[in-house]
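Visitor: What follows is a structure written as structure tokens; I'll ask about it next.
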Amino acid sequence: MLENSNMLEKSRYAPLFERVRIGPVTAPNRLYQVPHCTGMGHALPQTLVAMRAMKAEGGWGVVCTEYCSIHPSSDDHPYPFASLWDDGDLGNLAAMADAVHAHGALAGIELWHGGSYVANLSTRVPSLGVRSTPARIDPVQSQRMDRRDIRELRRWHREAALRARKAGFDIIYVYPSHGYLISEFLSRSLNDRTDEYGGSLENRMRLLRELLEETRSAVGDRCAVAVRYAANGLGDDHLNADEARDVVAALGHLPDLWDVVIADYDEEMGSSRFVDEGALEDRVAYVRKLTGKPVVCVGRFTSPDSMLGQIKRGVVDLIGAARPSIADPFLPTKVREGRLEDIRECIGCNICYAHDFRGSALRCTQNPTMGEEWRSGWHPERVPVGTGGSVLIVGAGPAGLEAAHVLGKRGYEVALADAAKEAGGRVSLESRLPGLAQWARVRDYRLSQINRMPNVALYLDSRMQESDVRAFGADHVLIATGARWRRDGIGRWYPRPIAPLNQSGVYTPDDVLSGRLPGGEVVIFDDDHYYLGPVIAIKLAGEGVRVRYVTTEGRVGAWSQYTQEQERTQRALIEHGVEIEVNVALAAFEHSIATLACVFSGRTHGVPASAVVLVTSREPDEALYRALVDAGDGELGVTAPQLRRASVQRIGDCLQPALIATAVYSGHRAARELGGTEQAARRERVLI
Ligand code: ADP
Ligand code: SF4
């Protein structure tokens with residue numbers, strides 16, 4: 001650990017902790033939490049304040065809001081965006097700015113107008129567009145803006161900027177990307193205006209220029225003006241890469257900070273299955289040279305060496321982060337103190353984004369305390385000291401590892417046993433599948449923590465039976481034995497087994513994960529709808545198997561739309577030569593024929609199949625738990641004399657087969673609350 005500032009000066013990472021002047025304000029270091037959605041926004045202000053404050057406490061030099069609507073004509077309901085419509089919104093946002101300032105960080109706010117993208121389901125105000133254009137999801141179109149509307153928009157933006165300054169923000173954004181209103185004006189295709197806001201590039205960028213100038217004149221004395229800009233344009237139909245560069249050349253001097261992104265959101269915040277760390281560099285690096293202004297850009301940076309490389313090569317001045325700051329709010333502190341092995345690296349799974357997309361507060365696979373800072377009073381780096389005693393954890397998957405890690409920190413004597421020869425459970429197995437290598441970080445972070453704890457012992461190759469658990473005599477027992485994929489087809493679609501089903505040709509993901517692969521012509525039946533069915537399809541296709549992927553949904557891996565992976569997933573299957581049939585269920589499998597039934601009409605047809613892989617649902621592996629507790633009884637129903645003092649509970653997939661994030665959270669909560677009373681989570685609600 002680096003104990004004092006002298007040591008930091010000698011650290012190779014010292015450049016990351018240099019101050020950076022941004023117009024009239026100065027960032028205390030180069031680590032910058034860019035605006036990112038939270039699923040909290042105006043709906044969960046206390047949850048939001050505590051979460052942002054935690055980032056500042058963890059050492060991020062700048063902490064920004066999510067997209068913050070400037071007016072009721074930009075209402076993204078049901079997604080909980082931030083809002084700054086009138087002075088009534090000031091209190092919540094000021095609370096965030098104050099909380100961020102309390103830890104010495106700067107607070108940034110991303111002013112936003114959604115334009116045609118939103119449908120204003122809550123406010124019922126007609127949405128505004130450069131022309132009348134369909135909304136992103138709903139069957140409504142925007143109102144074409146006339147000159148008066150543009151003048152109004154400029155007034156709203158200016159008033160919002162003044163309010164943001166009043167709330168205490170240091171950096172105020174103008175936001176002309178990601179398909180929102182200002183980017184509609186930049187678009188050659190959408191912008192068909194014949195007035196001074198349409199036609200030439202000069203005209204199309206007029207609104208952006210005006211908003212930058214007006215924001216600067218309104219608040220520029222005290223606040224920095226930032227622009228969030230897609231450096232490679234908005235796609236060839238809208239603003240090509242050359243035009244994008246021309247805009248930067250023309251307006252480069254106006255903002256104090258260029259926060260650069262790229263046009264393809266699937267790539268900008270791509271999952272680790274498809275996009276590597278630092279992938280945006282080649283398309284954004286020119287902005288700093290052209291403008292001479294400070295530049296920030298994301299890249300899912302978790303390695304301080306990669307961050308350093310960005311600074312040394314002059315790509316950016318500030319290292320932008322959304323996901324790495326979610327996975328580890330204390331990443332800057334850990335780099336500063338030389339505790340690199342303590343960094344909880346983002347695995348690039350986009351479960352955080354999926355929750356926001358579902359309208360729920362952020363959750364994170366790596367950081368179970370994300371979103372729980374206010375609700376549960378959890379701190380990502382601190383856990384309460386335990387009441388003492390010993391704990392046996394059976395199963396070293398994500399749930400068991402996280403529980404062992406937290407209980408070890410709390411001072412318990414922990415024994416963690418697993419039947420397998422390696423720790424990690426499902427993440428060790430799944431991380432060997434195509435594209436999932438980074439998921440092993442869930443295991444590696446926790447193993448590296450517990451390996452340094454003298455009070456935690458890991459026993460591999462140790463299958464535990466009921467008698468072993470009883471003989472062990474621990475004060476507490478956590479059963480984290482996971483779940484098994486079903487072999488009968490029961491799942492979302494079928495409440496009963498598929499029949500007939502020739503079992504000799506039936507495979508499950510567990511078979512594939514353990515190396516038992518089907519050959520010949522294989523039908524994968526995906527009723528799970530997330531990543532595993534498609535990833536297995538890619539794996540088998542890569543092994544030369546002829547694969548037909550069938551799903552009860554209308555798209556490949558339909559739920560992965562929420563993790564921003566669906567389109568790339570479907571493209572990958574197409575590129576691997578996988579036959580795709582959607583909106584069908586596997587109805588039967590015998591005599592080398594798989595019968596597929598249309599989910600709408602029930603009409604069937606047969607396809608040749610030597611084997612089927614059923615990705616339907618899982619059954620908790622709870623036999624050990626059941627043997628230890630009274631049948632049908634609750635968590636503490638232990639009657640055997642050896643276990644009379646012990647508490648026994650299930651955690652992770654053994655309790656509830658779900659996401660890896662759910663298993664980690666389950667292990668964390670059980671471990672945090674062990675030996676104490678269960679804490680009721682706080683609720684944010686409007687009371688009348
Ligand atoms: P989770 O996601 O809940 O952590 P996993 O399926 O990833 O669950 O991990 C469960 C782990 O439990 C696996 O590594 C498996 O080897 C282990 N396991 C299952 N049954 C036993 C048992 N009886 N004794 C020891 N380990 C077990
Ligand atoms: Fe990273 Fe996944 Fe956590 Fe998001 S949920 S921050 S992608 S580890």
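Convention: chains lettered A, B, ... in structure tokens order; per-chain residue numbering from 1; ligands numbered from 1 as shown.
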Could you list the protein, DNA and RNA residues that have any atom within 6 Å of ligand 1, counting only C-alpha atoms and all ligand atoms, and write them as a ChimeraX atom specification?
Guide: /A:394-400,417-420,424-426,462-465,480-483,652-654,660,663
Visitor: Quick one: which chain A residues come within 10 Å of ligand 2, and what is the nearest atom pair for each with the distance in Å to one decimal, counting only C-alpha atoms and all ligand atoms, rows ordered by chain and ascending number, as JSON lines?
Guide:
{"residue": "A:Met269", "atom": "CA", "partner": "ligand 2", "partner_atom_place_in_ligand_line": "7 (S)", "distance": 8.9}
{"residue": "A:Gly270", "atom": "CA", "partner": "ligand 2", "partner_atom_place_in_ligand_line": "7 (S)", "distance": 9.0}
{"residue": "A:Ser271", "atom": "CA", "partner": "ligand 2", "partner_atom_place_in_ligand_line": "7 (S)", "distance": 6.9}
{"residue": "A:Ser272", "atom": "CA", "partner": "ligand 2", "partner_atom_place_in_ligand_line": "7 (S)", "distance": 8.1}
{"residue": "A:Arg300", "atom": "CA", "partner": "ligand 2", "partner_atom_place_in_ligand_line": "1 (Fe)", "distance": 8.2}
{"residue": "A:Thr302", "atom": "CA", "partner": "ligand 2", "partner_atom_place_in_ligand_line": "1 (Fe)", "distance": 9.8}
{"residue": "A:Ala321", "atom": "CA", "partner": "ligand 2", "partner_atom_place_in_ligand_line": "6 (S)", "distance": 9.8}
{"residue": "A:Ala322", "atom": "CA", "partner": "ligand 2", "partner_atom_place_in_ligand_line": "6 (S)", "distance": 7.4}
{"residue": "A:Arg323", "atom": "CA", "partner": "ligand 2", "partner_atom_place_in_ligand_line": "6 (S)", "distance": 3.9}
{"residue": "A:Pro324", "atom": "CA", "partner": "ligand 2", "partner_atom_place_in_ligand_line": "6 (S)", "distance": 5.7}
{"residue": "A:Ser325", "atom": "CA", "partner": "ligand 2", "partner_atom_place_in_ligand_line": "6 (S)", "distance": 7.1}
{"residue": "A:Ile326", "atom": "CA", "partner": "ligand 2", "partner_atom_place_in_ligand_line": "6 (S)", "distance": 4.7}
{"residue": "A:Ala327", "atom": "CA", "partner": "ligand 2", "partner_atom_place_in_ligand_line": "6 (S)", "distance": 4.3}
{"residue": "A:Asp328", "atom": "CA", "partner": "ligand 2", "partner_atom_place_in_ligand_line": "6 (S)", "distance": 7.9}
{"residue": "A:Pro329", "atom": "CA", "partner": "ligand 2", "partner_atom_place_in_ligand_line": "6 (S)", "distance": 9.9}
{"residue": "A:Arg344", "atom": "CA", "partner": "ligand 2", "partner_atom_place_in_ligand_line": "8 (S)", "distance": 8.5}
{"residue": "A:Glu345", "atom": "CA", "partner": "ligand 2", "partner_atom_place_in_ligand_line": "8 (S)", "distance": 7.0}
{"residue": "A:Cys346", "atom": "CA", "partner": "ligand 2", "partner_atom_place_in_ligand_line": "1 (Fe)", "distance": 3.7}
{"residue": "A:Ile347", "atom": "CA", "partner": "ligand 2", "partner_atom_place_in_ligand_line": "8 (S)", "distance": 4.3}
{"residue": "A:Gly348", "atom": "CA", "partner": "ligand 2", "partner_atom_place_in_ligand_line": "7 (S)", "distance": 3.7}
{"residue": "A:Cys349", "atom": "CA", "partner": "ligand 2", "partner_atom_place_in_ligand_line": "2 (Fe)", "distance": 4.0}
{"residue": "A:Asn350", "atom": "CA", "partner": "ligand 2", "partner_atom_place_in_ligand_line": "7 (S)", "distance": 3.7}
{"residue": "A:Ile351", "atom": "CA", "partner": "ligand 2", "partner_atom_place_in_ligand_line": "5 (S)", "distance": 4.1}
{"residue": "A:Cys352", "atom": "CA", "partner": "ligand 2", "partner_atom_place_in_ligand_line": "5 (S)", "distance": 4.0}
{"residue": "A:Tyr353", "atom": "CA", "partner": "ligand 2", "partner_atom_place_in_ligand_line": "4 (Fe)", "distance": 6.4}
{"residue": "A:Ala354", "atom": "CA", "partner": "ligand 2", "partner_atom_place_in_ligand_line": "5 (S)", "distance": 8.3}
{"residue": "A:His355", "atom": "CA", "partner": "ligand 2", "partner_atom_place_in_ligand_line": "5 (S)", "distance": 8.9}
{"residue": "A:Leu362", "atom": "CA", "partner": "ligand 2", "partner_atom_place_in_ligand_line": "5 (S)", "distance": 8.1}
{"residue": "A:Arg363", "atom": "CA", "partner": "ligand 2", "partner_atom_place_in_ligand_line": "5 (S)", "distance": 6.2}
{"residue": "A:Cys364", "atom": "CA", "partner": "ligand 2", "partner_atom_place_in_ligand_line": "5 (S)", "distance": 3.5}
{"residue": "A:Thr365", "atom": "CA", "partner": "ligand 2", "partner_atom_place_in_ligand_line": "5 (S)", "distance": 4.6}
{"residue": "A:Gln366", "atom": "CA", "partner": "ligand 2", "partner_atom_place_in_ligand_line": "8 (S)", "distance": 4.8}
{"residue": "A:Asn367", "atom": "CA", "partner": "ligand 2", "partner_atom_place_in_ligand_line": "3 (Fe)", "distance": 6.3}
{"residue": "A:Pro368", "atom": "CA", "partner": "ligand 2", "partner_atom_place_in_ligand_line": "3 (Fe)", "distance": 8.8}
{"residue": "A:Met370", "atom": "CA", "partner": "ligand 2", "partner_atom_place_in_ligand_line": "3 (Fe)", "distance": 8.6}
{"residue": "A:Gln438", "atom": "CA", "partner": "ligand 2", "partner_atom_place_in_ligand_line": "8 (S)", "distance": 9.5}
{"residue": "A:Trp439", "atom": "CA", "partner": "ligand 2", "partner_atom_place_in_ligand_line": "8 (S)", "distance": 8.4}
{"residue": "A:Arg441", "atom": "CA", "partner": "ligand 2", "partner_atom_place_in_ligand_line": "8 (S)", "distance": 8.9}
{"residue": "A:Val442", "atom": "CA", "partner": "ligand 2", "partner_atom_place_in_ligand_line": "8 (S)", "distance": 8.4}
{"residue": "A:Thr563", "atom": "CA", "partner": "ligand 2", "partner_atom_place_in_ligand_line": "7 (S)", "distance": 8.7}
{"residue": "A:Ile660", "atom": "CA", "partner": "ligand 2", "partner_atom_place_in_ligand_line": "2 (Fe)", "distance": 9.8}
{"residue": "A:Ala661", "atom": "CA", "partner": "ligand 2", "partner_atom_place_in_ligand_line": "5 (S)", "distance": 7.5}
Visitor: When you look at A:Asp87 with a cut-off of 12 Å (counting only C-alpha atoms), what residues show up, excluding the ones that are within fewer than 4 positions of it in the same chain? I need them as a PyMOL selection string.
Guide: chain A and resi 70-71+83+91-94+159-167
Visitor: Please, which residues of stretch 240-370 of chain A, numbered as in this document, come out alpha helix (DSSP H) from DSSP, as number ranges by chain?
Guide: A: 241-251, 265-268, 281-284, 286-291, 304-312, 323-327, 331-336, 351-357
Visitor: Could you check how far atom CA of A:Gly104 sits from atom CA of A:Val62, in Å to one decimal?
Guide: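 One can read the atom CA of A:Gly104 to atom CA of A:Val62 distance as 9.0 Å.
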Visitor: Measuring atom to atom with only C-alpha atoms, identify which of A:Gly59, A:Gly168, A:Gly179, A:Gly359 is nearest to A:Ala135.
Guide: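 The answer is A:Gly179, which sits nearest to A:Ala135.
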Visitor: When distances are computed from only C-alpha atoms, which of A:Ser187, A:Ser360, A:Ser69, A:Thr215 shows the smallest separation from A:Leu84?
Guide: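 Going through A:Ser187, A:Ser360, A:Ser69, A:Thr215 one by one, the smallest distance to A:Leu84 is for A:Ser69.
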Visitor: For A:Gly114, which residue among A:Ile182, A:Val100, A:Ala588, A:Leu624 is the nearest when counting only C-alpha atoms?
Guide: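 Of the candidates, the smallest distance to A:Gly114 is held by A:Ile182.
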Visitor: Find the residues around stretch 233-238 of chain A up to 8 Å (only C-alpha atoms counted), leave out those fewer than 4 positions away in its own chain, and share them as a list in words.
Guide: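 Within the cut-off, the hits are Ser177, His178, Ser183, Leu186, Ser187, Arg188, Ser189, Leu190, Asp242, Glu243, Ala244, Arg245, Ile262, Ala263 and Asp264 of chain A.
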Visitor: Keeping N, CA, C and O atoms for every residue in the selection just given, could you write it to a file as a PDB file, in the first residue's frame?
Guide:
ATOM      1  N   SER A 177     -26.014  14.049 -28.940  1.00  0.00           N
ATOM      2  CA  SER A 177     -25.746  12.711 -29.514  1.00  0.00           C
ATOM      3  C   SER A 177     -26.822  11.705 -29.116  1.00  0.00           C
ATOM      4  O   SER A 177     -27.857  12.084 -28.581  1.00  0.00           O
ATOM      5  N   HIS A 178     -26.558  10.439 -29.418  1.00  0.00           N
ATOM      6  CA  HIS A 178     -27.431   9.319 -29.045  1.00  0.00           C
ATOM      7  C   HIS A 178     -28.869   9.459 -29.548  1.00  0.00           C
ATOM      8  O   HIS A 178     -29.809   8.922 -28.950  1.00  0.00           O
ATOM      9  N   SER A 183     -29.152  16.138 -31.885  1.00  0.00           N
ATOM     10  CA  SER A 183     -28.564  15.332 -32.963  1.00  0.00           C
ATOM     11  C   SER A 183     -29.520  15.225 -34.158  1.00  0.00           C
ATOM     12  O   SER A 183     -29.079  15.021 -35.289  1.00  0.00           O
ATOM     13  N   LEU A 186     -28.515  17.898 -36.390  1.00  0.00           N
ATOM     14  CA  LEU A 186     -27.256  17.641 -37.098  1.00  0.00           C
ATOM     15  C   LEU A 186     -27.446  16.679 -38.271  1.00  0.00           C
ATOM     16  O   LEU A 186     -26.647  16.639 -39.205  1.00  0.00           O
ATOM     17  N   SER A 187     -28.532  15.893 -38.222  1.00  0.00           N
ATOM     18  CA  SER A 187     -28.717  14.813 -39.197  1.00  0.00           C
ATOM     19  C   SER A 187     -29.115  15.330 -40.582  1.00  0.00           C
ATOM     20  O   SER A 187     -30.123  16.018 -40.741  1.00  0.00           O
ATOM     21  N   ARG A 188     -28.350  14.924 -41.580  1.00  0.00           N
ATOM     22  CA  ARG A 188     -28.643  15.294 -42.966  1.00  0.00           C
ATOM     23  C   ARG A 188     -29.989  14.719 -43.402  1.00  0.00           C
ATOM     24  O   ARG A 188     -30.744  15.353 -44.135  1.00  0.00           O
ATOM     25  N   SER A 189     -30.317  13.513 -42.945  1.00  0.00           N
ATOM     26  CA  SER A 189     -31.550  12.858 -43.392  1.00  0.00           C
ATOM     27  C   SER A 189     -32.780  13.375 -42.667  1.00  0.00           C
ATOM     28  O   SER A 189     -33.815  13.607 -43.289  1.00  0.00           O
ATOM     29  N   LEU A 190     -32.680  13.524 -41.357  1.00  0.00           N
ATOM     30  CA  LEU A 190     -33.866  13.938 -40.598  1.00  0.00           C
ATOM     31  C   LEU A 190     -34.144  15.424 -40.775  1.00  0.00           C
ATOM     32  O   LEU A 190     -35.296  15.847 -40.842  1.00  0.00           O
ATOM     33  N   ASP A 242     -16.481  12.560 -41.640  1.00  0.00           N
ATOM     34  CA  ASP A 242     -15.836  13.815 -42.065  1.00  0.00           C
ATOM     35  C   ASP A 242     -16.595  15.025 -41.549  1.00  0.00           C
ATOM     36  O   ASP A 242     -16.009  16.002 -41.080  1.00  0.00           O
ATOM     37  N   GLU A 243     -17.924  14.943 -41.665  1.00  0.00           N
ATOM     38  CA  GLU A 243     -18.734  16.062 -41.160  1.00  0.00           C
ATOM     39  C   GLU A 243     -18.573  16.208 -39.647  1.00  0.00           C
ATOM     40  O   GLU A 243     -18.529  17.328 -39.113  1.00  0.00           O
ATOM     41  N   ALA A 244     -18.493  15.067 -38.982  1.00  0.00           N
ATOM     42  CA  ALA A 244     -18.327  15.104 -37.517  1.00  0.00           C
ATOM     43  C   ALA A 244     -17.059  15.855 -37.162  1.00  0.00           C
ATOM     44  O   ALA A 244     -17.029  16.678 -36.239  1.00  0.00           O
ATOM     45  N   ARG A 245     -16.019  15.603 -37.931  1.00  0.00           N
ATOM     46  CA  ARG A 245     -14.736  16.282 -37.706  1.00  0.00           C
ATOM     47  C   ARG A 245     -14.871  17.782 -38.003  1.00  0.00           C
ATOM     48  O   ARG A 245     -14.335  18.622 -37.282  1.00  0.00           O
ATOM     49  N   ILE A 262     -19.082   7.477 -29.352  1.00  0.00           N
ATOM     50  CA  ILE A 262     -19.170   7.120 -30.768  1.00  0.00           C
ATOM     51  C   ILE A 262     -20.624   6.810 -31.131  1.00  0.00           C
ATOM     52  O   ILE A 262     -21.475   6.649 -30.248  1.00  0.00           O
ATOM     53  N   ALA A 263     -20.860   6.759 -32.440  1.00  0.00           N
ATOM     54  CA  ALA A 263     -22.246   6.693 -32.906  1.00  0.00           C
ATOM     55  C   ALA A 263     -22.950   5.404 -32.489  1.00  0.00           C
ATOM     56  O   ALA A 263     -24.114   5.421 -32.110  1.00  0.00           O
ATOM     57  N   ASP A 264     -22.259   4.292 -32.549  1.00  0.00           N
ATOM     58  CA  ASP A 264     -22.898   2.994 -32.321  1.00  0.00           C
ATOM     59  C   ASP A 264     -22.934   2.707 -30.819  1.00  0.00           C
ATOM     60  O   ASP A 264     -21.933   2.335 -30.213  1.00  0.00           O
TER      61      ASP A 264
END
Visitor: Do a neighbour search on A:Arg204 at 8 Å with only C-alpha atoms, toss out local chain neighbours closer than 3 positions, and write the hits as a count of residues only.
Guide: 11
Visitor: Between atom CA of A:Gly542 and atom CA of A:Leu429, what is the distance in Å, rounded to a tenth?
Guide: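 If I compute the distance from atom CA of A:Gly542 to atom CA of A:Leu429, I get 17.5 Å.
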Visitor: When you look at A:Gly533 with a cut-off of 9 Å (counting only C-alpha atoms), what residues show up, excluding the ones that are within fewer than 2 positions of it in the same chain? I need them as a list in words.
Guide: Pro509, Ile524, Phe525, Asp526, Asp527, Asp528, His529, Tyr530, Tyr531, Val535, Ile536, Ala537, Ile538, Tyr549, Val556, Gly557, Val613, Leu614 and Val615 of chain A
Visitor: Save the residues we just selected, C-alpha atoms, as an mmCIF file, in the first residue's frame?
Guide:
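selection_9.cif, freshly written:
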data_model
loop_
_atom_site.group_PDB
_atom_site.id
_atom_site.type_symbol
_atom_site.label_atom_id
_atom_site.label_comp_id
_atom_site.auth_asym_id
_atom_site.auth_seq_id
_atom_site.Cartn_x
_atom_site.Cartn_y
_atom_site.Cartn_z
ATOM 1 C CA PRO A 509 -26.072 -26.663 -20.768
ATOM 2 C CA ILE A 524 -30.964 -25.941 -29.429
ATOM 3 C CA PHE A 525 -34.285 -25.105 -27.778
ATOM 4 C CA ASP A 526 -33.947 -21.728 -26.063
ATOM 5 C CA ASP A 527 -36.803 -20.963 -23.715
ATOM 6 C CA ASP A 528 -34.447 -19.075 -21.378
ATOM 7 C CA HIS A 529 -33.967 -16.128 -23.770
ATOM 8 C CA TYR A 530 -30.677 -14.806 -22.439
ATOM 9 C CA TYR A 531 -27.063 -15.518 -23.423
ATOM 10 C CA VAL A 535 -23.444 -18.869 -26.785
ATOM 11 C CA ILE A 536 -23.823 -22.664 -26.867
ATOM 12 C CA ALA A 537 -24.991 -22.369 -30.482
ATOM 13 C CA ILE A 538 -21.805 -20.456 -31.333
ATOM 14 C CA TYR A 549 -31.366 -22.554 -32.855
ATOM 15 C CA VAL A 556 -32.295 -14.722 -30.733
ATOM 16 C CA GLY A 557 -31.495 -14.280 -27.031
ATOM 17 C CA VAL A 613 -29.989 -29.139 -26.216
ATOM 18 C CA LEU A 614 -32.624 -27.945 -23.775
ATOM 19 C CA VAL A 615 -32.033 -24.446 -22.419
#
Visitor: Between A:Leu659, A:Val298, A:Leu540, A:Ala102, which is the closest to A:Glu57 once you count only C-alpha atoms?
Guide: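 Checking each of A:Leu659, A:Val298, A:Leu540, A:Ala102 against A:Glu57, counting only C-alpha atoms, the winner is A:Ala102.
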Visitor: Taking into account only C-alpha atoms, which residue in the set A:Ser142, A:Leu532, A:Phe274, A:Val25 is nearest to A:Arg571?
Guide: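 Of the candidates, the smallest distance to A:Arg571 is held by A:Phe274.
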Visitor: When DSSP is applied to the backbone of this structure, which of stretch 410-645 of chain A are assigned strand (DSSP E or B)? Write them out as a ChimeraX atom specification.
Guide: /A:413-417,456-459,476-479,483-485,501,506-507,521-526,546-551,579-582,584-590,593-598,604-608,611-615,618-620
Visitor: With distances taken over only C-alpha atoms, which residue among A:Val686, A:Val275, A:Ala471, A:Leu31 lies nearest A:Leu331?
Guide: A:Leu31
Visitor: Could you state the separation of atom CA of A:Ala594 and atom CA of A:Pro608 in Å, given to one decimal place?
Guide: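 Rounded to one decimal, the two atoms are 6.2 Å apart.
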Visitor: Can you tell me, as a VMD selection string, what residues are no more than 6 Å from stretch 517-522 of chain A when counting only C-alpha atoms, ignoring any on the same chain fewer than 4 positions away?
Guide: chain A and resid 512 545 to 547 609 to 612
Visitor: Take the residues from that selection and write them out as a compact mmCIF listing (two decimals), in the first residue's frame, keeping N, CA, C and O atoms.
Guide:
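So again_8.txt came out as:
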# COMPACT_ATOMS: atom_id res chain seq x y z
N VAL A 512 -22.87 -29.54 -21.83
CA VAL A 512 -21.94 -28.79 -22.69
C VAL A 512 -20.82 -28.19 -21.83
O VAL A 512 -19.64 -28.25 -22.18
N VAL A 545 -20.44 -28.58 -35.60
CA VAL A 545 -21.76 -29.19 -35.48
C VAL A 545 -22.75 -28.38 -36.32
O VAL A 545 -22.64 -27.15 -36.39
N ARG A 546 -23.71 -29.07 -36.97
CA ARG A 546 -24.77 -28.34 -37.69
C ARG A 546 -25.84 -27.94 -36.68
O ARG A 546 -26.49 -28.82 -36.08
N VAL A 547 -26.02 -26.65 -36.47
CA VAL A 547 -26.86 -26.19 -35.37
C VAL A 547 -28.10 -25.47 -35.88
O VAL A 547 -28.02 -24.61 -36.77
N ALA A 609 -32.89 -34.11 -36.51
CA ALA A 609 -32.07 -33.78 -35.33
C ALA A 609 -31.51 -35.06 -34.74
O ALA A 609 -32.25 -36.01 -34.47
N SER A 610 -30.19 -35.09 -34.57
CA SER A 610 -29.61 -36.24 -33.87
C SER A 610 -29.58 -35.99 -32.37
O SER A 610 -29.45 -36.92 -31.58
N ALA A 611 -29.68 -34.72 -31.97
CA ALA A 611 -29.69 -34.41 -30.54
C ALA A 611 -30.40 -33.07 -30.33
O ALA A 611 -30.49 -32.26 -31.25
N VAL A 612 -30.89 -32.87 -29.11
CA VAL A 612 -31.44 -31.56 -28.76
C VAL A 612 -30.74 -31.07 -27.49
O VAL A 612 -30.38 -31.87 -26.62
